[in-house]
>>> print(open('upload06.cif').read())   # mmCIF, C-alpha atoms and all ligand atoms
data_coords
#
loop_
_atom_site.label_atom_id
_atom_site.label_comp_id
_atom_site.auth_asym_id
_atom_site.auth_seq_id
_atom_site.Cartn_x
_atom_site.Cartn_y
_atom_site.Cartn_z
CA MET K 1 -12.65 2.30 22.38
CA PHE K 2 -10.48 1.62 19.35
CA LYS K 3 -6.73 1.24 19.88
CA ILE K 4 -4.46 2.67 17.20
CA ALA K 5 -0.70 2.12 17.35
CA VAL K 6 1.04 5.04 15.64
CA ILE K 7 4.52 4.41 14.26
CA PRO K 8 5.72 7.65 12.61
CA GLY K 9 9.19 6.23 11.83
CA ASP K 10 11.79 8.37 10.06
CA GLY K 11 12.14 11.34 7.70
CA ILE K 12 8.84 12.68 6.41
CA GLY K 13 7.12 9.76 8.15
CA THR K 14 6.68 11.85 11.30
CA GLU K 15 5.35 14.91 9.45
CA VAL K 16 2.76 13.12 7.33
CA THR K 17 1.63 10.85 10.15
CA SER K 18 0.72 13.76 12.41
CA GLN K 19 -1.62 15.03 9.68
CA ALA K 20 -3.20 11.58 9.35
CA VAL K 21 -3.70 11.52 13.12
CA ARG K 22 -5.35 14.95 12.85
CA ILE K 23 -7.88 13.44 10.44
CA LEU K 24 -8.40 10.39 12.67
CA ARG K 25 -9.13 12.65 15.65
CA LYS K 26 -11.72 14.40 13.54
CA ALA K 27 -13.12 11.01 12.48
CA SER K 28 -13.40 9.98 16.11
CA GLN K 29 -15.56 13.07 16.75
CA ILE K 30 -17.73 12.40 13.72
CA LEU K 31 -18.23 8.76 14.71
CA ASN K 32 -18.58 9.59 18.37
CA GLU K 33 -16.16 6.78 19.10
CA GLN K 34 -13.07 7.04 21.26
CA PHE K 35 -9.69 6.34 19.66
CA GLU K 36 -6.68 5.62 21.85
CA PHE K 37 -3.40 6.50 20.15
CA THR K 38 -0.14 4.91 21.29
CA GLU K 39 3.04 6.20 19.70
CA LEU K 40 5.73 3.58 19.06
CA LYS K 41 9.24 3.61 17.66
CA ALA K 42 10.45 1.58 14.69
CA GLY K 43 13.04 2.01 11.95
CA GLY K 44 16.05 4.34 12.19
CA ILE K 45 14.77 6.15 15.25
CA ALA K 46 14.47 2.81 17.08
CA ILE K 47 18.01 1.91 16.02
CA ASP K 48 19.24 5.19 17.51
CA THR K 49 17.23 4.75 20.71
CA PHE K 50 17.26 0.99 21.33
CA GLY K 51 19.90 -0.38 18.96
CA LYS K 52 17.44 -2.32 16.80
CA PRO K 53 14.91 -1.45 14.10
CA LEU K 54 11.97 -3.34 15.62
CA PRO K 55 12.12 -3.46 19.44
CA GLU K 56 10.07 -6.28 21.05
CA ASP K 57 7.93 -3.73 22.86
CA THR K 58 6.94 -2.11 19.59
CA LEU K 59 5.87 -5.42 18.07
CA LYS K 60 4.05 -6.37 21.27
CA ALA K 61 2.14 -3.10 21.38
CA ALA K 62 1.32 -3.37 17.67
CA LEU K 63 -0.04 -6.89 18.27
CA ALA K 64 -2.20 -5.56 21.11
CA SER K 65 -3.70 -2.72 19.06
CA ASP K 66 -6.74 -2.79 16.77
CA ALA K 67 -4.86 -1.16 13.92
CA VAL K 68 -1.43 0.26 13.16
CA LEU K 69 -0.76 3.54 11.35
CA LEU K 70 2.79 3.74 10.03
CA GLY K 71 4.70 6.63 8.43
CA ALA K 72 7.91 5.54 6.74
CA VAL K 73 11.25 4.11 7.80
CA GLY K 74 14.83 4.49 6.64
CA GLY K 75 17.38 7.08 5.62
CA PRO K 76 21.01 7.40 4.48
CA LYS K 77 22.21 7.48 8.08
CA TRP K 78 21.32 3.80 8.51
CA ASP K 79 22.04 2.54 4.97
CA ASN K 80 25.33 0.84 5.74
CA LEU K 81 24.25 -1.20 8.74
CA PRO K 82 24.26 -5.00 8.55
CA TYR K 83 21.13 -6.62 7.09
CA GLU K 84 19.38 -7.44 10.39
CA LEU K 85 19.85 -3.88 11.63
CA LYS K 86 18.57 -1.99 8.60
CA PRO K 87 15.44 0.15 9.22
CA GLU K 88 13.60 -1.77 6.46
CA GLN K 89 13.74 -4.83 8.72
CA ALA K 90 11.20 -3.08 10.95
CA LEU K 91 8.71 -3.17 8.10
CA LEU K 92 9.40 -6.79 7.23
CA GLY K 93 9.27 -7.73 10.92
CA LEU K 94 5.91 -6.01 11.39
CA ARG K 95 4.48 -7.62 8.25
CA LYS K 96 5.63 -11.07 9.33
CA GLY K 97 4.88 -10.56 13.04
CA LEU K 98 1.34 -9.31 12.41
CA GLU K 99 0.86 -11.86 9.57
CA LEU K 100 -0.17 -9.15 7.12
CA TYR K 101 -0.24 -11.29 4.00
CA ALA K 102 -2.40 -9.00 1.85
CA ASN K 103 -1.18 -5.60 0.75
CA ILE K 104 -3.82 -3.47 -0.94
CA ARG K 105 -2.57 -0.51 -2.96
CA PRO K 106 -5.13 1.54 -4.84
CA ALA K 107 -4.00 3.80 -7.68
CA ILE K 108 -6.77 6.30 -8.15
CA MET K 109 -6.63 9.32 -10.41
CA PHE K 110 -7.81 12.50 -8.77
CA GLN K 111 -9.24 14.46 -11.68
CA PRO K 112 -7.67 17.82 -10.64
CA LEU K 113 -4.21 16.21 -10.80
CA ILE K 114 -4.51 14.89 -14.29
CA GLU K 115 -1.88 17.31 -15.57
CA THR K 116 0.77 16.13 -13.08
CA SER K 117 0.90 12.62 -14.53
CA SER K 118 3.74 12.05 -16.96
CA LEU K 119 1.28 10.26 -19.25
CA LYS K 120 -1.35 11.79 -21.53
CA PRO K 121 -4.68 12.72 -19.89
CA GLU K 122 -6.66 10.42 -22.20
CA ILE K 123 -4.52 7.47 -21.07
CA VAL K 124 -4.76 8.05 -17.32
CA GLY K 125 -8.04 9.98 -16.89
CA GLY K 126 -10.36 8.14 -14.52
CA ILE K 127 -8.10 5.18 -13.77
CA ASP K 128 -9.07 3.21 -10.68
CA ILE K 129 -6.75 0.27 -10.20
CA VAL K 130 -5.91 -1.67 -7.09
CA VAL K 131 -2.81 -3.79 -6.72
CA VAL K 132 -3.24 -6.75 -4.37
CA ARG K 133 0.28 -7.75 -3.42
CA GLU K 134 1.19 -10.87 -1.44
CA LEU K 135 3.24 -9.52 1.47
CA THR K 136 4.63 -12.24 3.72
CA GLY K 137 6.01 -14.78 1.25
CA GLY K 138 7.99 -15.09 -1.95
CA ILE K 139 11.56 -13.99 -2.43
CA TYR K 140 11.38 -11.47 0.44
CA PHE K 141 11.19 -14.23 3.03
CA GLY K 142 12.28 -17.47 1.29
CA ARG K 143 15.17 -19.46 2.74
CA PRO K 144 18.02 -20.03 2.09
CA ALA K 145 18.97 -16.38 1.82
CA GLY K 146 22.23 -14.60 2.42
CA ILE K 147 25.68 -13.90 1.09
CA LEU K 148 27.73 -17.08 1.32
CA GLU K 149 31.49 -17.69 1.16
CA GLU K 150 32.18 -20.47 -1.27
CA GLY K 151 35.45 -21.73 -2.73
CA GLY K 152 37.17 -18.39 -2.43
CA THR K 153 34.31 -16.34 -3.80
CA ARG K 154 31.04 -15.01 -2.49
CA ARG K 155 27.55 -15.95 -3.66
CA GLY K 156 24.35 -14.02 -3.00
CA VAL K 157 21.29 -16.21 -2.58
CA ASN K 158 17.55 -15.56 -2.35
CA THR K 159 14.78 -18.09 -2.65
CA MET K 160 11.42 -17.51 -4.24
CA THR K 161 8.89 -19.86 -2.73
CA TYR K 162 5.10 -20.14 -2.40
CA THR K 163 2.92 -22.81 -0.87
CA VAL K 164 -0.61 -23.56 -2.08
CA PRO K 165 -2.29 -22.11 1.06
CA GLU K 166 -0.26 -18.90 0.71
CA ILE K 167 -1.47 -18.48 -2.86
CA GLU K 168 -5.05 -19.44 -2.00
CA ARG K 169 -5.53 -16.84 0.73
CA ILE K 170 -4.20 -13.92 -1.30
CA ALA K 171 -6.27 -15.05 -4.31
CA HIS K 172 -9.39 -14.98 -2.11
CA THR K 173 -8.52 -11.42 -1.04
CA ALA K 174 -8.27 -10.27 -4.66
CA PHE K 175 -11.46 -11.98 -5.84
CA LYS K 176 -13.48 -10.73 -2.87
CA LEU K 177 -12.25 -7.22 -3.50
CA ALA K 178 -13.12 -7.47 -7.20
CA LYS K 179 -16.62 -8.56 -6.20
CA THR K 180 -17.24 -5.50 -4.01
CA ARG K 181 -15.83 -3.20 -6.69
CA ASN K 182 -18.15 -4.75 -9.24
CA LYS K 183 -21.15 -3.94 -7.06
CA SER K 184 -20.07 -0.47 -6.05
CA ARG K 185 -19.41 0.83 -9.57
CA GLU K 186 -22.19 3.13 -10.65
CA THR K 187 -21.14 3.30 -14.24
CA GLY K 188 -20.13 -0.28 -14.92
CA SER K 189 -16.73 0.57 -16.36
CA ARG K 190 -15.66 -2.12 -18.77
CA SER K 191 -12.87 -3.44 -16.58
CA ALA K 192 -14.72 -3.47 -13.24
CA GLY K 193 -15.05 -6.74 -11.33
CA ARG K 194 -12.06 -8.23 -12.99
CA VAL K 195 -8.84 -9.76 -11.72
CA THR K 196 -5.58 -9.78 -13.66
CA SER K 197 -3.15 -12.21 -12.06
CA VAL K 198 0.43 -11.24 -12.83
CA ASP K 199 3.17 -13.85 -12.83
CA LYS K 200 6.14 -15.17 -14.77
CA ALA K 201 4.70 -18.61 -15.46
CA ASN K 202 6.69 -19.00 -18.67
CA ILE K 203 9.83 -19.39 -16.59
CA LEU K 204 9.30 -19.57 -12.79
CA HIS K 205 8.00 -22.67 -11.00
CA THR K 206 6.46 -20.55 -8.23
CA SER K 207 4.49 -18.75 -10.95
CA MET K 208 3.33 -22.00 -12.59
CA LEU K 209 1.87 -23.12 -9.27
CA TRP K 210 0.50 -19.62 -8.65
CA ARG K 211 -1.40 -19.64 -11.96
CA GLU K 212 -2.77 -23.14 -11.38
CA VAL K 213 -4.04 -22.29 -7.88
CA VAL K 214 -5.52 -18.93 -8.89
CA ASN K 215 -7.42 -20.64 -11.72
CA GLU K 216 -8.80 -23.26 -9.35
CA ILE K 217 -9.95 -20.70 -6.78
CA GLN K 218 -11.71 -18.67 -9.45
CA LYS K 219 -13.47 -21.70 -10.99
CA LYS K 220 -14.60 -23.03 -7.65
CA ASN K 221 -15.55 -19.85 -5.78
CA TYR K 222 -15.81 -16.83 -8.07
CA PRO K 223 -17.17 -17.95 -11.45
CA ASP K 224 -18.76 -14.51 -11.92
CA ILE K 225 -15.42 -12.66 -11.68
CA LYS K 226 -13.48 -12.37 -14.88
CA LEU K 227 -9.90 -13.59 -14.53
CA ASP K 228 -7.00 -13.27 -16.87
CA HIS K 229 -3.28 -13.81 -16.54
CA MET K 230 -0.40 -11.65 -17.65
CA TYR K 231 3.35 -12.08 -17.54
CA VAL K 232 4.97 -9.46 -15.36
CA ASP K 233 7.10 -7.95 -18.13
CA ASN K 234 4.02 -7.49 -20.31
CA ALA K 235 2.04 -6.15 -17.34
CA SER K 236 4.61 -3.44 -16.70
CA MET K 237 4.27 -2.40 -20.34
CA GLN K 238 0.45 -2.59 -20.38
CA LEU K 239 0.23 -0.42 -17.26
CA ILE K 240 1.72 2.44 -19.24
CA ARG K 241 0.22 1.60 -22.63
CA ASN K 242 -3.39 1.19 -21.52
CA PRO K 243 -3.89 1.29 -17.73
CA LYS K 244 -7.69 1.40 -18.00
CA GLN K 245 -7.75 -2.28 -18.93
CA PHE K 246 -6.92 -3.11 -15.29
CA ASP K 247 -9.20 -3.35 -12.29
CA VAL K 248 -7.68 -5.61 -9.62
CA ILE K 249 -4.09 -6.75 -10.15
CA LEU K 250 -3.20 -9.83 -8.11
CA THR K 251 0.48 -10.61 -7.77
CA GLU K 252 3.28 -11.97 -5.62
CA ASN K 253 5.47 -9.96 -3.27
CA MET K 254 8.32 -8.64 -5.42
CA PHE K 255 6.29 -8.16 -8.62
CA GLY K 256 3.78 -6.24 -6.50
CA ASP K 257 6.50 -4.06 -5.02
CA ILE K 258 7.62 -3.04 -8.50
CA LEU K 259 4.23 -2.75 -10.20
CA SER K 260 2.69 -0.71 -7.38
CA ASP K 261 5.42 1.93 -7.73
CA GLU K 262 4.78 1.98 -11.46
CA ALA K 263 1.02 2.26 -10.97
CA SER K 264 1.54 5.14 -8.54
CA MET K 265 3.14 7.27 -11.24
CA LEU K 266 0.03 7.02 -13.39
CA THR K 267 -1.72 9.13 -10.79
CA GLY K 268 0.84 11.91 -10.81
CA SER K 269 2.65 11.47 -7.53
CA ILE K 270 3.63 8.68 -5.20
CA GLY K 271 2.72 11.22 -2.50
CA MET K 272 -0.96 10.47 -3.16
CA LEU K 273 -1.05 6.73 -2.64
CA PRO K 274 -2.22 4.94 0.50
CA SER K 275 -2.00 1.26 1.36
CA ALA K 276 -3.52 -1.28 3.68
CA SER K 277 -1.77 -4.45 4.84
CA ILE K 278 -4.24 -6.96 6.15
CA GLY K 279 -4.09 -10.32 7.87
CA GLU K 280 -6.64 -12.50 9.64
CA LYS K 281 -6.17 -10.68 12.96
CA HIS K 282 -4.24 -7.49 12.36
CA ALA K 283 -3.97 -4.58 9.97
CA LEU K 284 -1.42 -1.89 9.21
CA TYR K 285 -1.91 1.24 7.13
CA GLU K 286 0.88 3.24 5.55
CA PRO K 287 1.59 5.51 2.58
CA VAL K 288 3.27 3.78 -0.37
CA HIS K 289 6.05 6.39 -0.38
CA GLY K 290 9.22 6.19 1.68
CA SER K 291 10.88 8.49 4.21
CA ALA K 292 12.19 10.98 1.57
CA PRO K 293 15.19 12.16 3.64
CA ASP K 294 15.97 14.91 1.10
CA ILE K 295 12.85 16.88 2.02
CA ALA K 296 12.40 15.73 5.63
CA GLY K 297 11.74 18.31 8.33
CA LYS K 298 10.96 21.12 5.87
CA GLY K 299 7.19 20.94 5.81
CA LEU K 300 7.32 20.09 2.10
CA ALA K 301 5.94 16.56 2.23
CA ASN K 302 2.54 15.67 0.86
CA PRO K 303 0.40 14.24 3.69
CA ILE K 304 -2.36 12.99 1.38
CA ALA K 305 -1.05 9.40 1.06
CA SER K 306 -0.94 9.14 4.84
CA ILE K 307 -4.36 10.76 5.23
CA LEU K 308 -5.84 8.36 2.68
CA SER K 309 -4.18 5.49 4.56
CA ALA K 310 -6.10 6.68 7.63
CA ALA K 311 -9.23 6.59 5.44
CA MET K 312 -8.43 2.98 4.53
CA LEU K 313 -8.06 2.23 8.25
CA LEU K 314 -11.57 3.55 8.83
CA GLU K 315 -12.89 1.53 5.90
CA TYR K 316 -11.20 -1.82 6.56
CA SER K 317 -10.69 -1.95 10.33
CA LEU K 318 -13.76 0.03 11.45
CA LYS K 319 -16.03 -0.80 8.49
CA GLN K 320 -16.75 2.93 8.08
CA LYS K 321 -16.83 2.96 4.31
CA GLU K 322 -18.98 6.09 4.09
CA LEU K 323 -16.61 8.12 6.24
CA ALA K 324 -13.64 6.83 4.25
CA ARG K 325 -15.38 8.03 1.09
CA LYS K 326 -15.93 11.43 2.70
CA ILE K 327 -12.20 11.76 3.37
CA PHE K 328 -11.44 10.95 -0.26
CA ARG K 329 -13.97 13.59 -1.27
CA ALA K 330 -12.49 16.15 1.15
CA VAL K 331 -9.10 15.61 -0.52
CA GLU K 332 -10.70 16.13 -3.89
CA VAL K 333 -12.41 19.33 -2.74
CA VAL K 334 -9.12 20.81 -1.52
CA LEU K 335 -7.37 19.86 -4.78
CA ASN K 336 -10.24 21.36 -6.77
CA GLU K 337 -9.81 24.59 -4.86
CA GLY K 338 -6.30 24.72 -6.31
CA TYR K 339 -4.31 23.81 -3.20
CA ARG K 340 -1.24 21.65 -3.68
CA THR K 341 1.88 20.45 -1.93
CA ALA K 342 5.17 20.95 -3.78
CA ASP K 343 5.26 17.45 -5.32
CA ILE K 344 1.96 17.97 -7.16
CA ALA K 345 2.18 21.72 -7.76
CA SER K 346 1.87 23.27 -11.17
CA GLN K 347 1.70 26.92 -12.20
CA SER K 348 -0.73 29.25 -10.47
CA LYS K 349 -1.55 26.84 -7.69
CA ASN K 350 -1.40 27.61 -3.99
CA VAL K 351 1.43 25.58 -2.55
CA LEU K 352 0.81 24.57 1.06
CA SER K 353 3.00 23.12 3.77
CA THR K 354 2.40 19.59 5.05
CA GLU K 355 0.51 20.90 8.06
CA ASP K 356 -1.57 23.45 6.16
CA MET K 357 -2.64 20.75 3.70
CA GLY K 358 -3.70 18.59 6.66
CA ARG K 359 -5.68 21.48 8.14
CA ARG K 360 -7.40 22.23 4.81
CA ILE K 361 -8.49 18.63 4.43
CA GLU K 362 -9.72 18.56 8.01
CA ALA K 363 -11.76 21.71 7.36
CA ALA K 364 -13.20 20.25 4.14
CA LEU K 365 -14.22 17.15 6.08
C1 LIG B 401 7.33 -1.04 -0.06
C2 LIG B 401 8.78 -0.79 0.16
C3 LIG B 401 9.34 -1.93 1.01
C4 LIG B 401 9.18 -3.20 0.22
C5 LIG B 401 10.78 -1.76 1.47
C6 LIG B 401 11.02 -0.43 2.13
C7 LIG B 401 11.19 -2.90 2.37
O1 LIG B 401 9.45 -0.65 -1.03
O2 LIG B 401 6.57 -1.13 0.91
O3 LIG B 401 6.92 -1.14 -1.23
O4 LIG B 401 10.03 -3.53 -0.61
O5 LIG B 401 8.19 -3.89 0.42
MG MG B 402 8.17 -0.61 -2.75
#
>>> encode(input="upload06.cif", output="structure tokens")
Amino acid sequence: MFKIAVIPGDGIGTEVTSQAVRILRKASQILNEQFEFTELKAGGIAIDTFGKPLPEDTLKAALASDAVLLGAVGGPKWDNLPYELKPEQALLGLRKGLELYANIRPAIMFQPLIETSSLKPEIVGGIDIVVVRELTGGIYFGRPAGILEEGGTRRGVNTMTYTVPEIERIAHTAFKLAKTRNKSRETGSRSAGRVTSVDKANILHTSMLWREVVNEIQKKNYPDIKLDHMYVDNASMQLIRNPKQFDVILTENMFGDILSDEASMLTGSIGMLPSASIGEKHALYEPVHGSAPDIAGKGLANPIASILSAAMLLEYSLKQKELARKIFRAVEVVLNEGYRTADIASQSKNVLSTEDMGRRIEAAL
């Protein structure tokens, strides 16, 4: 029995998550293993029901589960609440509470979607990048933080901070991942098995320490993995100029937030990108996209990012790599047949609703 906490959240979160659950039910049949789903509230819906974005019971149940599947949180209705009550605090609280320090965000080009990217096909064709983002440290969590009253004016403060152990553990995640990618590549692409650590070591002290520690870890433990360093401003440019030079991008929390959105656009739509957030004991899977309140409730949302997040759950939490691959292939089959959701549609394609896309992928699986 495998216990999955399902947190649909707000906006399109609920629509896409039910399609991911559909695929997980199918997976449970294929594996002949029982999954127990427990639905929990977090984000705006929890604010409306319980008065807070992350109720204790939700965190407790998430801690007691084997894996968490999350949709998305937030929406304009809750935008003007005080900091502690914003829906986004549910995400930060889950990340911190479950100690999910490693966020893994693959940006994979599905060949049939090559025309939906805003970049030229020869630039983005065949890209397979994964951003490894540190998720429980840095400026998101550093103290002091707040808006302070000082001498008749106000001052906003955030603190960027990293300890050596925090850098070490995320560096290990990136190097280990690069190692498995090196082995699993059939064609030995020129950038496979390679880590690019992104920082701002020409100006930030946290980055200077980051670079030093990443170098040490590589020398001591992963001499066979190629490592290079890039400043974050240059990295954001290189991602668009020549994305195929990247394999694994290792970076701190805020740089990873920004670069993973940028990387997502290489693949055509943020509606395609899954993520895994992993700690020593817990794991949470969620699409990279947000709650998209403008299209919520209309059946327009693309469930593929959520479905691929379910595939990552099977791969990382259940070690079912083969089945995860099959889900990726099922998505590819459906796209090859010309089916699309609105966000990735082009002329003469069959545009499906969120649910119909989920059903198609289930059938292809
Ligand atoms: C993400 C999101 C979150 C983040 C927000 C919603 C708190 O942008 O997961 O990338 O900044 O980490
Ligand atoms: Mg983000």
>>> closest_residue(input="upload06.cif", among="K:Leu92, K:Ala171, K:Met1, K:Ala62", to="ligand LIG 401 (chain B)", atoms="all atoms listed in the file")
K:Leu92
>>> closest_atom_pairs(input="upload06.cif", of="range 85-201 of chain K", to="range 236-242 of chain K", cutoff="9 Å", atoms="all atoms listed in the file", output="CSV")
residue,atom,partner,partner_atom,distance
K:Leu119,CA,K:Ile240,CA,7.8
K:Ile123,CA,K:Asn242,CA,6.4
K:Val124,CA,K:Asn242,CA,8.2
>>> atom_distance(input="upload06.cif", atom1="atom C4 of ligand LIG 401 (chain B)", atom2="CA of Gly146 in chain K")
17.5 Å
>>> residues_near_ligand(input="upload06.cif", ligand="ligand LIG 401 (chain B)", cutoff="9 Å", atoms="all atoms listed in the file", output="PyMOL selection string")
chain K and resi 72-74+87-92+103+135+140+253-254+256-258+260-261+275+286-290
>>> write_last_selection(input="upload06.cif", atoms="C-alpha atoms", output="tab-separated table (two decimals), in the coordinates of the input")
chain	number	residue	atom	x	y	z
K	72	ALA	CA	7.91	5.54	6.74
K	73	VAL	CA	11.25	4.11	7.80
K	74	GLY	CA	14.83	4.49	6.64
K	87	PRO	CA	15.44	0.15	9.22
K	88	GLU	CA	13.60	-1.77	6.46
K	89	GLN	CA	13.74	-4.83	8.72
K	90	ALA	CA	11.20	-3.08	10.95
K	91	LEU	CA	8.71	-3.17	8.10
K	92	LEU	CA	9.40	-6.79	7.23
K	103	ASN	CA	-1.18	-5.60	0.75
K	135	LEU	CA	3.24	-9.52	1.47
K	140	TYR	CA	11.38	-11.47	0.44
K	253	ASN	CA	5.47	-9.96	-3.27
K	254	MET	CA	8.32	-8.64	-5.42
K	256	GLY	CA	3.78	-6.24	-6.50
K	257	ASP	CA	6.50	-4.06	-5.02
K	258	ILE	CA	7.62	-3.04	-8.50
K	260	SER	CA	2.69	-0.71	-7.38
K	261	ASP	CA	5.42	1.93	-7.73
K	275	SER	CA	-2.00	1.26	1.36
K	286	GLU	CA	0.88	3.24	5.55
K	287	PRO	CA	1.59	5.51	2.58
K	288	VAL	CA	3.27	3.78	-0.37
K	289	HIS	CA	6.05	6.39	-0.38
K	290	GLY	CA	9.22	6.19	1.68
>>> atom_distance(input="upload06.cif", atom1="CA of Gly126 in chain K", atom2="CA of Phe110 in chain K")
7.7 Å
>>> closest_residue(input="upload06.cif", among="K:Gly11, K:Pro76, K:Gly268, K:Pro144", to="Glu115 in chain K", atoms="all atoms listed in the file")
K:Gly268
